[in-house]
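For reference, the structure is listed below as structure tokens.
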4 protein chains.
Amino acid sequence: MTDQQVPSTIKDEALIVKRRNQMIKGAVTLFMEKGFHKTTTREIAKASGFSIGTLYEYIRKKEDVLFLVCDSIYQRVKERMEASIDPEQTTVKSLIQAVRSYFQLMDDMQDEVLVMYQEVKSLSREAQEYVLQKERDMVAMLEQVIINSLPGEYAEAEVRLMANNIFVQGQMWGFRRWILQRNFTIQTYTDTQIHLLLRGLGKEIEGIIQPADNAGHA
Amino acid sequence: MTDQQVPSTIKDEALIVKRRNQMIKGAVTLFMEKGFHKTTTREIAKASGFSIGTLYEYIRKKEDVLFLVCDSIYQRVKERMEASIDPEQTTVKSLIQAVRSYFQLMDDMQDEVLVMYQEVKSLSREAQEYVLQKERDMVAMLEQVIINSLPGEYAEAEVRLMANNIFVQGQMWGFRRWILQRNFTIQTYTDTQIHLLLRGLGKEIEGIIQPADNAGHA
Amino acid sequence: MTDQQVPSTIKDEALIVKRRNQMIKGAVTLFMEKGFHKTTTREIAKASGFSIGTLYEYIRKKEDVLFLVCDSIYQRVKERMEASIDPEQTTVKSLIQAVRSYFQLMDDMQDEVLVMYQEVKSLSREAQEYVLQKERDMVAMLEQVIINSLPGEYAEAEVRLMANNIFVQGQMWGFRRWILQRNFTIQTYTDTQIHLLLRGLGKEIEGIIQPADNAGHA
Amino acid sequence: MTDQQVPSTIKDEALIVKRRNQMIKGAVTLFMEKGFHKTTTREIAKASGFSIGTLYEYIRKKEDVLFLVCDSIYQRVKERMEASIDPEQTTVKSLIQAVRSYFQLMDDMQDEVLVMYQEVKSLSREAQEYVLQKERDMVAMLEQVIINSLPGEYAEAEVRLMANNIFVQGQMWGFRRWILQRNFTIQTYTDTQIHLLLRGLGKEIEGIIQPADNAGHA
DNA sequence: CATGAATGAGGGTTCATTCAT
DNA sequence: GATGAATGAACCCTCATTCAT
């Protein structure tokens, strides 16, 4: 469905979707390379495969491109999370699986996530709010998984914070890549984080956590 | 000492330091309000209390102001960390104290840290590298504290990751403030994070962690 | 009849007339509200009830719309003048009647006349000339009426100027409306102008001029 | 004094006046040739003798140039009227002299007046109001002259209308030049208009009006 | 050392016009 | 005949940077 937040002068809805996808694809790369502010609308148009005039048939202001990009990223992240995480599951194994697939997702989309991290603040307050909500939804999903998997184990505030920690640790893999990716692969990073997360949950848990080479006990 | 990274036409070193401090002070506020790109050099000059001409006696390019600001922030953070953390200490209590004072620091400087988080990417690669080094130093400090406080408890990779986690969790208090500061004060946030961090370290540790109201066991 | 000055790609003459009338009607309002230059072709198309593509089937350039509008206004003014003024009449009464009906016409069409006053200069020189000719015709009509009604009373130059004065005074009712329409209605305005015009023509004339309340002698 | 309606970033008041005068001079010619809308800001800057950047140090928006131009024209007209007309005079001769010098003024400034006539409508409503007031002042001056010169001769409404007529007849010499200046010089135009204006004021007046060749009785 | 006027490259955006469907 | 998506020249305006005083 066309994004109702950003009006277009074009009538053909299907075309809007198609052109905006071209746009988003082209823009993400540019934003990644030079940031939103240093990217010109002409560059966006070119990277999208159409003229500057056409670009402005599908948006009103340059900022709309940023919104479209951010919204699309969040949307894709959210969809993939929903597809790979089942909040109804009630085993520790399913928690581990959730974290694992979320981290994998963050690895796949690290460029996109980095862009978003650095540029959302350039959105209007309302657009930020709109996008922030999606974030809240995702954190809530993680919360639910934790609660279901380890009922009674943590206080409410702890669960909330754990969800936030996991969420940020996923993004951190992307935005601190220059530091982390020297010492970890996404695999070892994931294993080690899970290990730290579930430490001290008792003997019966230990077996589930695959000990990686550099994630083992001393 | 004058920052050797940014040359000035002025000879009087003391004056350079003075003017640049005025500059940084004025600029931080502006960057916080509107971001680096939307802040004009004229605004910076005005906020600094001198003319645009004078501004350019103390820097070469607008980006220099950003560098000066970022560098100053990192410098202040680093100095305060060094002042409050003693890496030679070898008790769990000292680890807790280190985290506690670091989080407090991040609370005090959350605006500055937020600015940095959002604008470093606008620095030249070399400037980023220069500033990144300070970050590495700080993470290394945290690593050292963990190793000293809990020798043999964690694998090397785990320690490195814990240090990174703590470091990011401190900043996260600032850059996710709209989400976190609804549910936590810096006190409860700190307590809960420490609790999660040290879970399962054995009976002898438990007593040290003050159980807060919303950080207690179920 | 189709305006030969503005070619169209459409064959059906009746359709051209119909579409152009839609166009003129829509455009006048827009030109009145925002002026020719600030009105876009898209707005004209929309106000005309068809698409931008269709608009360009009936004109070549945006300026053609302005020409069509101006021409149509002049045409209507001229037609109404010809309908209400009989240059063959030879009485002072008929002169008064002519002025009276011309002023009434200018009151009815003040918006249109104002538009024309402000926008003709945007026409090409040739289009201006074409339209100017209609104006000359109208002034000539007034001249003829004066000559017939008051033979021998004025020198040739005086007649010419009187006709011009009357013509402009009619338009002035529209383009100086913000000043004049505070103090006059079209009735009192007409009466007073006629009074000033015919002053001192001798006793036999006096009776004909209806003395209005605010048009009487001191 | 600097025009308070249009702010400038320049501090030196004298410089503002100087540069704006350059600007007005350059702009009037351009507006005359191609109209306000078809004149670009770069052309204005060039015609003013400075760069586009400098232009914008002295105005905020393109419309400000138009306002400055209109205001300056009205100001000059008003000043010259005040210098040449003495509203205290009480003779018919002085009325004639007033009209004569006003018409001469309109001849001298016909280009400027034409520009204003065609472009004021492009000003913002408030700017128009500001400029309109100057016009009212001038009409009021003419009213006063008529009242003083011919006390008791005309009703109030008549005086008001006469003043308006004279005012517009002066401008008309400029904006209908293509028609009028074929048949009249500014001299014969003035004489004829005065003659028409004062017809029938009695024998004692007649002598004062110089009969011109093409302005004589039949 | 300090000032602020001057510069102009370059950016965002508009809109008249075309043309394939 | 009608439509409306596509185009890109051109416009207004900003702002980092310089340099004469």
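To be explicit about the labels: the chains of the structure tokens are called A, B, and onward in the order shown, and within each one the residues are counted from 1, while ligands get numbers from 1 in the order they are shown.
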**Request:** With a distance cut-off of 7 Å and only C-alpha atoms (C1' of nucleotides), select the neighbouring residues of Val145 in chain B, excluding the residue or stretch itself and same-chain residues fewer than 4 positions from it, and output the selection as a ChimeraX atom specification.
**Result:** /B:87,95,141,149
How would the residues just picked look written out with C-alpha atoms as a PDB file, in the first residue's frame?
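Done, and the output landed in again.pdb:
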```pdb
ATOM      1  CA  PRO B  87      41.703  -0.007  37.179  1.00  0.00           C
ATOM      2  CA  LEU B  95      33.546  -2.912  39.328  1.00  0.00           C
ATOM      3  CA  MET B 141      39.553   0.752  30.790  1.00  0.00           C
ATOM      4  CA  SER B 149      37.546  -7.524  39.563  1.00  0.00           C
TER       5      SER B 149
END
```
**Request:** Could the residues of chain E within 8 Å of chain D, counting only C-alpha atoms (C1' of nucleotides), be given as a PyMOL selection string, please?
**Result:** chain E and resi 5-8
Selected residues written out with C-alpha atoms (C1' of nucleotides), as a compact mmCIF listing (two decimals), in the first residue's frame:
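Ended up saving to result_34.txt:
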```txt
# COMPACT_ATOMS: atom_id res chain seq x y z
C1' DA E 5 30.86 43.01 3.54
C1' DA E 6 31.36 40.44 -0.60
C1' DT E 7 31.31 36.35 -3.26
C1' DG E 8 29.36 32.53 -6.14
```
Please, which residues of chain F lie no more than 9 Å from chain B when the count uses only C-alpha atoms (C1' of nucleotides), and can they be set out as an mmCIF file with all heavy atoms, in the first residue's frame?
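Final file, out04.cif:
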```cif
data_model
loop_
_atom_site.group_PDB
_atom_site.id
_atom_site.type_symbol
_atom_site.label_atom_id
_atom_site.label_comp_id
_atom_site.auth_asym_id
_atom_site.auth_seq_id
_atom_site.Cartn_x
_atom_site.Cartn_y
_atom_site.Cartn_z
ATOM 1 P P DC F 15 21.260 28.498 5.364
ATOM 2 O OP1 DC F 15 20.759 27.239 5.935
ATOM 3 O OP2 DC F 15 20.960 29.791 5.992
ATOM 4 O "O5'" DC F 15 22.827 28.383 5.184
ATOM 5 C "C5'" DC F 15 23.312 27.609 4.089
ATOM 6 C "C4'" DC F 15 24.791 27.848 3.934
ATOM 7 O "O4'" DC F 15 25.019 28.810 2.876
ATOM 8 C "C3'" DC F 15 25.475 28.432 5.174
ATOM 9 O "O3'" DC F 15 26.735 27.831 5.268
ATOM 10 C "C2'" DC F 15 25.585 29.902 4.847
ATOM 11 C "C1'" DC F 15 25.876 29.825 3.352
ATOM 12 N N1 DC F 15 25.551 31.052 2.587
ATOM 13 C C2 DC F 15 26.192 31.285 1.366
ATOM 14 O O2 DC F 15 27.017 30.459 0.951
ATOM 15 N N3 DC F 15 25.889 32.407 0.673
ATOM 16 C C4 DC F 15 24.985 33.268 1.153
ATOM 17 N N4 DC F 15 24.709 34.346 0.434
ATOM 18 C C5 DC F 15 24.325 33.044 2.401
ATOM 19 C C6 DC F 15 24.638 31.938 3.077
ATOM 20 P P DA F 16 27.372 27.474 6.636
ATOM 21 O OP1 DA F 16 26.678 26.292 7.166
ATOM 22 O OP2 DA F 16 27.454 28.692 7.459
ATOM 23 O "O5'" DA F 16 28.841 27.049 6.197
ATOM 24 C "C5'" DA F 16 28.990 26.007 5.248
ATOM 25 C "C4'" DA F 16 30.137 26.322 4.312
ATOM 26 O "O4'" DA F 16 29.849 27.510 3.541
ATOM 27 C "C3'" DA F 16 31.472 26.591 5.005
ATOM 28 O "O3'" DA F 16 32.496 26.028 4.200
ATOM 29 C "C2'" DA F 16 31.546 28.117 5.051
ATOM 30 C "C1'" DA F 16 30.834 28.515 3.766
ATOM 31 N N9 DA F 16 30.105 29.786 3.821
ATOM 32 C C8 DA F 16 29.227 30.198 4.784
ATOM 33 N N7 DA F 16 28.693 31.373 4.553
ATOM 34 C C5 DA F 16 29.255 31.764 3.352
ATOM 35 C C6 DA F 16 29.092 32.918 2.566
ATOM 36 N N6 DA F 16 28.281 33.936 2.884
ATOM 37 N N1 DA F 16 29.805 32.989 1.420
ATOM 38 C C2 DA F 16 30.615 31.972 1.095
ATOM 39 N N3 DA F 16 30.843 30.828 1.745
ATOM 40 C C4 DA F 16 30.122 30.789 2.885
ATOM 41 P P DT F 17 33.957 25.975 4.768
ATOM 42 O OP1 DT F 17 34.625 24.843 4.122
ATOM 43 O OP2 DT F 17 33.921 26.070 6.236
ATOM 44 O "O5'" DT F 17 34.595 27.315 4.184
ATOM 45 C "C5'" DT F 17 34.662 27.472 2.767
ATOM 46 C "C4'" DT F 17 35.098 28.858 2.412
ATOM 47 O "O4'" DT F 17 34.054 29.805 2.680
ATOM 48 C "C3'" DT F 17 36.333 29.395 3.148
ATOM 49 O "O3'" DT F 17 37.324 29.623 2.164
ATOM 50 C "C2'" DT F 17 35.869 30.682 3.802
ATOM 51 C "C1'" DT F 17 34.660 31.045 2.955
ATOM 52 N N1 DT F 17 33.655 31.909 3.602
ATOM 53 C C2 DT F 17 33.330 33.095 2.975
ATOM 54 O O2 DT F 17 33.846 33.461 1.938
ATOM 55 N N3 DT F 17 32.373 33.841 3.628
ATOM 56 C C4 DT F 17 31.737 33.529 4.818
ATOM 57 O O4 DT F 17 30.899 34.291 5.303
ATOM 58 C C5 DT F 17 32.115 32.276 5.417
ATOM 59 C C7 DT F 17 31.483 31.845 6.693
ATOM 60 C C6 DT F 17 33.047 31.542 4.783
#
```
**Asked** Using only C-alpha atoms, which of the listed residues (A:Leu180, A:Val115, A:Ile186, A:Ala155) sits closest to chain B?
**Response**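 When distances to chain B are compared using only C-alpha atoms, the smallest one comes from A:Ala155.
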**Prompt:** Out of B:Lys46, B:Lys18, B:Arg182, B:Lys121, which residue has the shortest atom-to-atom distance to chain A when counting only C-alpha atoms?
**Reply:**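 Selected residue with least distance to chain A: B:Lys121.
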**Message:** For Phe103 in chain C, find every residue with an atom within 9 Å (counting only C-alpha atoms (C1' of nucleotides)), except residues of its own chain fewer than 5 positions away, and show them as a PyMOL selection string.
**Reply:** chain C and resi 98+108+166-167+169-171+173+186+189-190
Return as a PDB file with C-alpha atoms, in the first residue's frame the residues belonging to chain B that are within 9 Å of chain A, counting only C-alpha atoms.
```pdb
ATOM      1  CA  LYS B  34      19.434  21.639  15.058  1.00  0.00           C
ATOM      2  CA  GLY B  35      22.263  19.290  14.232  1.00  0.00           C
ATOM      3  CA  HIS B  37      24.386  20.536   9.100  1.00  0.00           C
ATOM      4  CA  TYR B 117      26.466   9.938  18.392  1.00  0.00           C
ATOM      5  CA  GLN B 118      24.614  11.683  15.656  1.00  0.00           C
ATOM      6  CA  GLU B 119      27.337  13.784  14.136  1.00  0.00           C
ATOM      7  CA  LYS B 121      29.867  10.427  10.901  1.00  0.00           C
ATOM      8  CA  SER B 122      30.131  13.932   9.421  1.00  0.00           C
ATOM      9  CA  ARG B 136      38.764   2.329  22.363  1.00  0.00           C
ATOM     10  CA  GLY B 152      39.127 -16.066  35.640  1.00  0.00           C
ATOM     11  CA  GLU B 153      35.399 -15.676  35.617  1.00  0.00           C
ATOM     12  CA  TYR B 154      35.042 -14.850  31.920  1.00  0.00           C
ATOM     13  CA  ALA B 155      36.711 -15.778  28.679  1.00  0.00           C
ATOM     14  CA  GLU B 156      38.611 -13.033  26.890  1.00  0.00           C
ATOM     15  CA  ALA B 157      35.942 -12.530  24.264  1.00  0.00           C
ATOM     16  CA  GLU B 158      33.302 -12.331  26.934  1.00  0.00           C
ATOM     17  CA  ARG B 160      35.625  -7.621  25.614  1.00  0.00           C
ATOM     18  CA  LEU B 161      31.956  -7.888  24.841  1.00  0.00           C
ATOM     19  CA  MET B 162      30.900  -7.068  28.373  1.00  0.00           C
ATOM     20  CA  ASN B 164      31.391  -2.960  24.955  1.00  0.00           C
ATOM     21  CA  ASN B 165      27.967  -3.702  26.322  1.00  0.00           C
ATOM     22  CA  VAL B 168      26.966   1.200  24.906  1.00  0.00           C
ATOM     23  CA  GLN B 169      24.445   0.790  27.715  1.00  0.00           C
ATOM     24  CA  MET B 172      22.015   4.199  25.349  1.00  0.00           C
ATOM     25  CA  ILE B 179      12.023   5.184  25.620  1.00  0.00           C
ATOM     26  CA  LEU B 180      14.097   4.444  28.700  1.00  0.00           C
ATOM     27  CA  ASN B 183      10.380   3.709  32.885  1.00  0.00           C
ATOM     28  CA  PHE B 184      13.632   4.309  34.706  1.00  0.00           C
ATOM     29  CA  THR B 188      16.966   2.285  38.823  1.00  0.00           C
ATOM     30  CA  TYR B 189      18.482   1.984  35.380  1.00  0.00           C
ATOM     31  CA  THR B 192      18.927  -3.027  37.066  1.00  0.00           C
ATOM     32  CA  GLN B 193      21.744  -3.112  34.547  1.00  0.00           C
ATOM     33  CA  HIS B 195      21.916  -6.740  38.449  1.00  0.00           C
ATOM     34  CA  LEU B 196      21.570  -8.239  35.003  1.00  0.00           C
ATOM     35  CA  LEU B 197      25.286  -7.989  34.463  1.00  0.00           C
ATOM     36  CA  LEU B 198      26.342  -9.851  37.554  1.00  0.00           C
ATOM     37  CA  ARG B 199      23.581 -12.426  37.750  1.00  0.00           C
ATOM     38  CA  GLY B 200      24.752 -15.892  38.651  1.00  0.00           C
ATOM     39  CA  LEU B 201      28.135 -14.966  39.978  1.00  0.00           C
ATOM     40  CA  GLY B 202      27.529 -16.942  43.128  1.00  0.00           C
ATOM     41  CA  ASN B 214      11.807  -2.635  40.707  1.00  0.00           C
ATOM     42  CA  ALA B 215      14.993  -4.608  40.374  1.00  0.00           C
ATOM     43  CA  GLY B 216      14.211  -7.398  42.791  1.00  0.00           C
ATOM     44  CA  HIS B 217      13.598 -11.050  42.095  1.00  0.00           C
ATOM     45  CA  ALA B 218      10.111 -12.235  41.282  1.00  0.00           C
TER      46      ALA B 218
END
```
**Item:** Interatomic distance (Å, one decimal) between CA of Ile24 in chain B and CA of Ile85 in chain B
**Value:**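 Interatomic distance, CA of Ile24 in chain B to CA of Ile85 in chain B: 26.4 Å.
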**Length of the CA of Ser101 in chain C to CA of Arg177 in chain C vector [Å]** =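 About the pair CA of Ser101 in chain C and CA of Arg177 in chain C: they are 18.3 Å apart.
For the atom pair formed by CA of Phe175 in chain D and CA of Glu82 in chain C, the distance is 25.3 Å, given to one decimal.
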**Item:** range 7-71 of chain C: residues DSSP assigns to alpha helix (DSSP H), reported as JSON, numbers by chain
**Value:** {"C": [13, 14, 15, 16, 17, 18, 19, 20, 21, 22, 23, 24, 25, 26, 27, 28, 29, 30, 31, 32, 33, 34, 35, 36, 37, 38, 41, 42, 43, 44, 45, 46, 47, 48, 52, 53, 54, 55, 56, 57, 58, 62, 63, 64, 65, 66, 67, 68, 69, 70, 71]}
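With only C-alpha atoms as the atoms that count, the residue of C:Thr29, C:Gln187, C:Gln128, C:Ser72 with the shortest distance to Val99 in chain C is C:Gln187.
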